[in-house]
>>> print(open('entry39.cif').read())   # mmCIF, C-alpha atoms and all ligand atoms
data_start
#
loop_
_atom_site.label_atom_id
_atom_site.label_comp_id
_atom_site.auth_asym_id
_atom_site.auth_seq_id
_atom_site.Cartn_x
_atom_site.Cartn_y
_atom_site.Cartn_z
CA MET A 1 -0.80 -21.01 9.00
CA THR A 2 -1.74 -20.29 5.37
CA LYS A 3 0.84 -20.72 2.62
CA LYS A 4 2.75 -17.57 1.62
CA MET A 5 1.66 -16.35 -1.82
CA THR A 6 4.11 -16.16 -4.69
CA ILE A 7 4.18 -14.23 -7.96
CA THR A 8 2.75 -17.38 -9.58
CA SER A 9 -0.11 -17.89 -7.12
CA ILE A 10 -0.94 -14.18 -7.23
CA LYS A 11 -1.19 -14.30 -11.05
CA LYS A 12 -3.21 -17.53 -10.92
CA SER A 13 -5.73 -16.01 -8.50
CA LYS A 14 -7.21 -13.88 -11.29
CA GLY A 15 -10.78 -14.95 -11.90
CA VAL A 16 -10.55 -17.53 -9.09
CA SER A 17 -10.39 -15.64 -5.79
CA LYS A 18 -10.14 -12.02 -4.65
CA LEU A 19 -6.76 -10.84 -3.36
CA VAL A 20 -6.65 -9.10 0.03
CA MET A 21 -3.91 -6.51 0.36
CA ILE A 22 -3.34 -4.13 3.27
CA THR A 23 -0.63 -1.68 4.21
CA ALA A 24 1.60 -2.01 7.27
CA TYR A 25 4.44 0.14 8.50
CA ASP A 26 5.77 -1.76 11.52
CA ALA A 27 6.20 -5.24 12.96
CA LEU A 28 3.51 -4.79 15.62
CA PHE A 29 0.68 -4.22 13.16
CA ALA A 30 2.14 -6.52 10.49
CA ARG A 31 1.85 -9.40 12.98
CA LEU A 32 -1.82 -8.55 13.62
CA LEU A 33 -2.73 -8.07 9.95
CA GLU A 34 -0.86 -11.02 8.44
CA PRO A 35 -3.24 -13.89 9.33
CA SER A 36 -6.12 -12.42 7.31
CA CYS A 37 -4.31 -10.92 4.31
CA ASP A 38 -2.57 -12.24 1.19
CA ILE A 39 -0.25 -9.31 0.52
CA ILE A 40 1.23 -6.66 2.81
CA LEU A 41 2.19 -3.36 1.22
CA VAL A 42 4.71 -1.10 2.89
CA GLY A 43 3.07 1.91 1.28
CA ASP A 44 4.65 5.34 1.09
CA SER A 45 1.35 6.43 2.69
CA LEU A 46 3.40 5.86 5.86
CA ASN A 47 4.74 9.35 5.26
CA MET A 48 1.25 10.65 6.11
CA SER A 49 -0.12 8.08 8.50
CA PHE A 50 3.10 7.30 10.40
CA ALA A 51 5.22 10.43 9.91
CA GLY A 52 2.39 12.98 9.93
CA ARG A 53 3.33 14.69 6.66
CA ALA A 54 0.76 16.22 4.29
CA ASP A 55 1.49 13.88 1.37
CA THR A 56 3.73 10.96 0.38
CA LEU A 57 6.34 12.91 -1.56
CA SER A 58 9.00 13.38 1.12
CA ALA A 59 9.30 9.67 1.95
CA THR A 60 12.86 8.50 1.28
CA LEU A 61 14.31 5.21 0.09
CA GLU A 62 16.06 4.78 3.44
CA GLN A 63 12.76 5.21 5.30
CA MET A 64 11.04 2.69 3.04
CA ILE A 65 13.88 0.22 3.67
CA TYR A 66 13.66 0.77 7.44
CA HIS A 67 9.89 0.20 7.53
CA THR A 68 10.05 -2.78 5.15
CA ASN A 69 12.51 -4.51 7.45
CA ALA A 70 10.27 -3.77 10.44
CA VAL A 71 7.19 -5.15 8.65
CA ALA A 72 9.15 -8.20 7.49
CA GLN A 73 9.94 -9.04 11.12
CA GLY A 74 6.24 -9.15 11.95
CA ALA A 75 4.96 -10.75 8.74
CA LYS A 76 7.35 -13.55 7.90
CA ASN A 77 4.65 -15.48 6.04
CA SER A 78 3.29 -12.67 3.85
CA PHE A 79 4.04 -11.66 0.30
CA LEU A 80 5.64 -8.26 0.88
CA ILE A 81 5.61 -5.28 -1.48
CA CYS A 82 7.44 -2.00 -0.86
CA ASP A 83 6.52 1.29 -2.54
CA MET A 84 9.32 2.98 -4.44
CA PRO A 85 9.14 6.55 -3.16
CA PHE A 86 8.83 9.71 -5.23
CA GLY A 87 11.96 10.59 -7.21
CA THR A 88 13.61 7.16 -6.99
CA TYR A 89 12.58 5.85 -10.44
CA THR A 90 12.78 8.85 -12.76
CA ASN A 91 14.87 6.88 -15.31
CA SER A 92 15.67 3.22 -15.89
CA GLU A 93 19.20 3.24 -14.46
CA GLU A 94 18.27 5.12 -11.27
CA ALA A 95 15.24 2.88 -10.84
CA LEU A 96 17.34 -0.27 -11.17
CA LYS A 97 20.04 1.02 -8.81
CA ASN A 98 17.45 1.96 -6.17
CA SER A 99 15.44 -1.24 -6.63
CA ILE A 100 18.54 -3.39 -6.20
CA LYS A 101 19.31 -1.48 -2.99
CA VAL A 102 15.85 -2.32 -1.60
CA PHE A 103 16.15 -5.97 -2.72
CA GLN A 104 19.60 -6.29 -1.14
CA GLU A 105 18.76 -4.54 2.14
CA THR A 106 15.31 -6.07 2.80
CA PRO A 107 13.62 -9.44 2.22
CA VAL A 108 10.88 -7.76 0.12
CA ASP A 109 9.22 -9.83 -2.62
CA ALA A 110 8.31 -7.01 -5.01
CA LEU A 111 8.29 -3.25 -5.50
CA LYS A 112 5.38 -0.98 -6.46
CA ILE A 113 5.82 1.84 -8.94
CA GLU A 114 3.28 4.56 -9.73
CA GLY A 115 2.58 5.34 -13.38
CA GLY A 116 1.15 3.89 -16.57
CA ALA A 117 2.40 3.71 -20.16
CA ASP A 118 4.83 6.56 -19.41
CA LYS A 119 6.68 4.34 -16.90
CA ALA A 120 6.43 1.07 -18.86
CA HIS A 121 10.00 1.25 -20.22
CA ILE A 122 11.36 1.70 -16.67
CA ILE A 123 9.27 -1.19 -15.33
CA ALA A 124 10.35 -3.41 -18.25
CA HIS A 125 13.99 -2.65 -17.39
CA LEU A 126 13.42 -3.65 -13.75
CA CYS A 127 11.50 -6.81 -14.66
CA SER A 128 14.20 -7.93 -17.09
CA ASN A 129 16.76 -7.51 -14.30
CA GLY A 130 15.07 -9.71 -11.73
CA ILE A 131 12.92 -7.16 -9.91
CA ALA A 132 9.26 -8.15 -9.47
CA VAL A 133 7.06 -5.09 -10.02
CA CYS A 134 3.48 -4.29 -9.02
CA GLY A 135 2.09 -1.40 -11.08
CA HIS A 136 -0.10 1.44 -9.81
CA ILE A 137 -2.44 3.29 -12.18
CA GLY A 138 -5.35 5.74 -11.93
CA LEU A 139 -5.08 8.27 -9.12
CA LEU A 140 -1.37 8.54 -8.35
CA PRO A 141 -0.72 9.95 -4.86
CA GLN A 142 2.83 10.94 -5.90
CA ALA A 143 1.26 13.27 -8.53
CA VAL A 144 -0.78 15.19 -5.94
CA ARG A 145 1.32 18.35 -6.21
CA SER A 146 1.67 18.32 -10.01
CA GLU A 147 -2.08 17.67 -10.45
CA GLY A 148 -3.16 20.08 -7.71
CA GLY A 149 -5.02 17.50 -5.60
CA TYR A 150 -6.24 13.92 -5.58
CA LYS A 151 -8.26 13.52 -8.78
CA VAL A 152 -10.57 10.58 -9.47
CA LYS A 153 -9.72 9.12 -12.88
CA GLY A 154 -11.79 7.59 -15.69
CA LYS A 155 -14.43 10.29 -15.91
CA SER A 156 -13.92 11.11 -19.60
CA GLN A 157 -13.74 8.80 -22.60
CA GLU A 158 -10.14 9.89 -23.11
CA GLU A 159 -9.21 8.99 -19.51
CA GLN A 160 -10.94 5.61 -19.81
CA GLU A 161 -9.00 4.76 -22.96
CA GLN A 162 -5.77 5.94 -21.34
CA LEU A 163 -6.34 3.68 -18.32
CA ILE A 164 -6.76 0.65 -20.58
CA ARG A 165 -3.61 1.65 -22.48
CA ASP A 166 -1.77 2.04 -19.16
CA ALA A 167 -2.86 -1.37 -17.87
CA LYS A 168 -1.89 -3.09 -21.12
CA ALA A 169 1.48 -1.32 -21.24
CA LEU A 170 2.25 -2.41 -17.67
CA GLU A 171 1.23 -6.00 -18.39
CA LYS A 172 3.50 -6.01 -21.46
CA ALA A 173 6.32 -4.53 -19.36
CA GLY A 174 6.07 -7.54 -17.04
CA VAL A 175 4.18 -6.53 -13.88
CA PHE A 176 2.67 -9.49 -11.99
CA CYS A 177 -0.24 -7.40 -10.71
CA MET A 178 -1.25 -3.76 -10.46
CA VAL A 179 -3.10 -1.44 -8.11
CA ILE A 180 -5.83 0.75 -9.59
CA GLU A 181 -6.71 3.73 -7.39
CA GLY A 182 -9.52 6.29 -7.46
CA VAL A 183 -11.19 5.16 -10.67
CA LYS A 184 -14.91 4.95 -11.51
CA ALA A 185 -16.12 1.42 -10.81
CA ASP A 186 -17.40 0.68 -14.33
CA VAL A 187 -14.11 1.82 -15.83
CA ALA A 188 -12.01 -0.17 -13.33
CA LYS A 189 -14.08 -3.24 -14.29
CA GLU A 190 -13.15 -2.78 -17.95
CA VAL A 191 -9.49 -2.22 -17.06
CA ALA A 192 -9.44 -5.44 -15.01
CA LYS A 193 -11.02 -7.32 -17.93
CA SER A 194 -8.45 -5.94 -20.37
CA VAL A 195 -5.41 -7.64 -18.79
CA ASN A 196 -4.46 -11.13 -17.61
CA VAL A 197 -2.76 -10.05 -14.38
CA PRO A 198 -4.71 -9.21 -11.19
CA VAL A 199 -5.89 -5.62 -10.83
CA ILE A 200 -6.24 -4.70 -7.15
CA GLY A 201 -8.56 -1.80 -6.43
CA ILE A 202 -8.62 1.01 -3.92
CA GLY A 203 -11.54 3.33 -4.50
CA ALA A 204 -12.22 1.45 -7.74
CA GLY A 205 -15.38 -0.56 -6.97
CA ARG A 206 -15.81 -4.28 -6.49
CA ASP A 207 -15.42 -5.62 -10.05
CA VAL A 208 -11.66 -5.92 -9.85
CA ASP A 209 -9.42 -8.79 -8.72
CA GLY A 210 -8.87 -7.72 -5.11
CA GLN A 211 -8.85 -4.80 -2.71
CA VAL A 212 -6.22 -2.83 -0.84
CA LEU A 213 -6.76 -0.42 2.03
CA VAL A 214 -4.45 1.62 4.24
CA PHE A 215 -4.63 -0.15 7.62
CA SER A 216 -4.80 3.04 9.67
CA ASP A 217 -7.76 4.26 7.57
CA MET A 218 -9.80 1.06 7.86
CA LEU A 219 -9.08 0.74 11.59
CA GLY A 220 -10.24 4.33 12.11
CA LEU A 221 -6.89 5.41 13.52
CA PHE A 222 -6.11 8.11 10.95
CA GLU A 223 -8.32 11.10 11.72
CA GLU A 224 -7.03 13.82 9.34
CA PHE A 225 -9.45 12.89 6.55
CA THR A 226 -11.38 9.82 5.37
CA PRO A 227 -11.71 9.25 1.63
CA LYS A 228 -15.18 8.11 0.39
CA PHE A 229 -13.83 4.65 -0.49
CA VAL A 230 -12.67 3.84 3.05
CA LYS A 231 -14.84 1.63 5.22
CA LYS A 232 -13.92 2.02 8.90
CA TYR A 233 -14.08 -1.49 10.37
CA MET A 234 -13.58 -0.04 13.86
CA ASP A 235 -13.32 3.35 15.50
CA GLY A 236 -9.68 2.89 16.48
CA ALA A 237 -9.08 6.52 17.44
CA ALA A 238 -12.01 6.53 19.90
CA LEU A 239 -10.93 3.19 21.40
CA VAL A 240 -7.32 4.31 21.85
CA LYS A 241 -8.33 7.68 23.33
CA SER A 242 -10.76 6.05 25.75
CA ALA A 243 -8.15 3.50 26.90
CA ILE A 244 -5.55 6.22 27.43
CA ARG A 245 -8.10 8.33 29.32
CA SER A 246 -8.80 5.38 31.65
CA TYR A 247 -5.07 4.85 32.23
CA SER A 248 -4.55 8.52 32.95
CA ASP A 249 -7.55 8.68 35.36
CA GLU A 250 -6.40 5.56 37.19
CA VAL A 251 -2.83 6.84 37.61
CA ARG A 252 -4.13 10.14 38.99
CA THR A 253 -6.61 8.46 41.37
CA LEU A 254 -4.10 5.78 42.49
CA LYS A 255 -6.21 2.92 41.00
CA PHE A 256 -3.25 1.81 38.90
CA PRO A 257 -1.03 -0.05 39.58
CA GLN A 258 -2.79 -2.59 41.82
CA ASP A 259 -1.11 -5.37 43.78
CA ILE A 260 -1.31 -7.73 40.74
CA HIS A 261 0.83 -5.29 38.74
CA THR A 262 3.42 -4.95 41.49
CA TYR A 263 6.57 -7.03 42.26
O1 LIG B 301 1.02 4.08 -0.23
C1 LIG B 301 0.02 3.36 -0.17
O2 LIG B 301 -0.49 3.02 0.90
C2 LIG B 301 -0.57 2.92 -1.43
C3 LIG B 301 -1.97 2.40 -1.37
C4 LIG B 301 -2.88 3.56 -1.35
C5 LIG B 301 -2.27 1.48 -2.48
O3 LIG B 301 0.02 3.04 -2.45
#
>>> encode(input="entry39.cif", output="structure tokens")
Amino acid sequence: MTKKMTITSIKKSKGVSKLVMITAYDALFARLLEPSCDIILVGDSLNMSFAGRADTLSATLEQMIYHTNAVAQGAKNSFLICDMPFGTYTNSEEALKNSIKVFQETPVDALKIEGGADKAHIIAHLCSNGIAVCGHIGLLPQAVRSEGGYKVKGKSQEEQEQLIRDAKALEKAGVFCMVIEGVKADVAKEVAKSVNVPVIGIGAGRDVDGQVLVFSDMLGLFEEFTPKFVKKYMDGAALVKSAIRSYSDEVRTLKFPQDIHTY
């Protein structure tokens, strides 16, 4: 069993080894994912992948708490991060109240908050009150409705400079690491170089301090759409469908159950 990471070991990994982060939404998968990953993220992407909604915005704090507790049961040896859902950190006091609720009702190690320099004062308030925060900059899934879609960031000089400002503001606010999503690889590289905390990429190239993927995307289980940055390590949907087809055929043709499955 590998040693569970801590805020300190995560920070120290910068420039030494790449961090492996993956999402999980339940104990069953958390148990399977844990042995090969450093950090498990209970992402609000569960609202799409698990709950079948079109985006992450309707995920609630209660749902995130429920799933975090489920994941924690399956991944007792993983550094666990929970996404703060849309609308739960609009100002410092609300953010602290909601963060304390998650910390008190789950064994989570840290929370993730979307936003850059505009959210730095809120993140600083959480950090100074004992909440460990992972930032999230670049493409922000919770901004999908206000931005009219998922927009890759860092295409213009202005956006590149803003990303560096965002990363620096989050570092100053006290985050121990940050996710950078949907950003041109050369820009993400500069962002990672501009701060001393690990920058974990998703759709941000390889020159960052680690990678995160949504487990149901990389296992090929989520069929609605596949972003360009996802590598499918297996065709999970085809495997599941084929297994269920075999089960169904065998029930109908009386091949299942056999004597070995019978008391
Ligand atoms: O919700 C999520 O799964 C995330 C990842 C995309 C980083 O925030």
>>> residues_around(input="entry39.cif", residues="region 48-54 of chain A", least_positions_apart="6", cutoff="10 Å", atoms="all atoms listed in the file", output="list in words")
Ala24, Tyr25, Asp26, Val214, Phe215, Ser216, Asp217, Leu221, Phe222, Glu223 and Glu224 of chain A
>>> residues_near_ligand(input="entry39.cif", ligand="ligand LIG 301 (chain B)", cutoff="9 Å", atoms="only C-alpha atoms and all ligand atoms", output="number ranges by chain")
A: 21-24, 41-47, 56, 82-83, 85, 112-114, 136, 140-141, 179-181, 200-202, 212-215
>>> atom_distance(input="entry39.cif", atom1="CA of Ala117 (chain A)", atom2="CA of Tyr150 (chain A)")
19.8 Å
>>> residues_near_point(input="entry39.cif", point="(-5.6, 2.4, -12.8)", cutoff="10 Å", atoms="all atoms listed in the file", output="PyMOL selection string")
chain A and resi 114-116+135-140+153-154+160+162-167+178-184+187-188+191-192+199-202+204
>>> atom_distance(input="entry39.cif", atom1="CA of Asn77 (chain A)", atom2="CA of Asp109 (chain A)")
11.3 Å
>>> atom_distance(input="entry39.cif", atom1="CA of Val175 (chain A)", atom2="CA of Val16 (chain A)")
19.0 Å
>>> closest_residue(input="entry39.cif", among="A:Gln63, A:Gln142, A:Thr2, A:Thr90", to="Thr106 (chain A)", atoms="all atoms listed in the file")
A:Gln63
>>> closest_residue(input="entry39.cif", among="A:Ala75, A:Ala243, A:Val102, A:Ile65", to="Cys37 (chain A)", atoms="all atoms listed in the file")
A:Ala75
>>> closest_residue(input="entry39.cif", among="A:Gln157, A:Gln104, A:Ser58, A:Ser78", to="Pro35 (chain A)", atoms="only C-alpha atoms")
A:Ser78
>>> residues_around(input="entry39.cif", residues="Ser17 (chain A)", least_positions_apart="5", cutoff="10 Å", atoms="all atoms listed in the file", output="tab-separated table (two decimals) with C-alpha atoms, in the frame of the given file")
chain	number	residue	atom	x	y	z
A	10	ILE	CA	-0.94	-14.18	-7.23
A	12	LYS	CA	-3.21	-17.53	-10.92
A	209	ASP	CA	-9.42	-8.79	-8.72
A	210	GLY	CA	-8.87	-7.72	-5.11
>>> closest_residue(input="entry39.cif", among="A:Glu158, A:Glu93, A:Glu105, A:Asp207", to="Lys193 (chain A)", atoms="all atoms listed in the file")
A:Asp207
>>> closest_residue(input="entry39.cif", among="A:Ile39, A:Val152, A:Leu219, A:Leu254", to="Ala237 (chain A)", atoms="all atoms listed in the file")
A:Leu219
>>> closest_residue(input="entry39.cif", among="A:Asp259, A:Asp55, A:Asp249, A:Glu34", to="Ala143 (chain A)", atoms="all atoms listed in the file")
A:Asp55
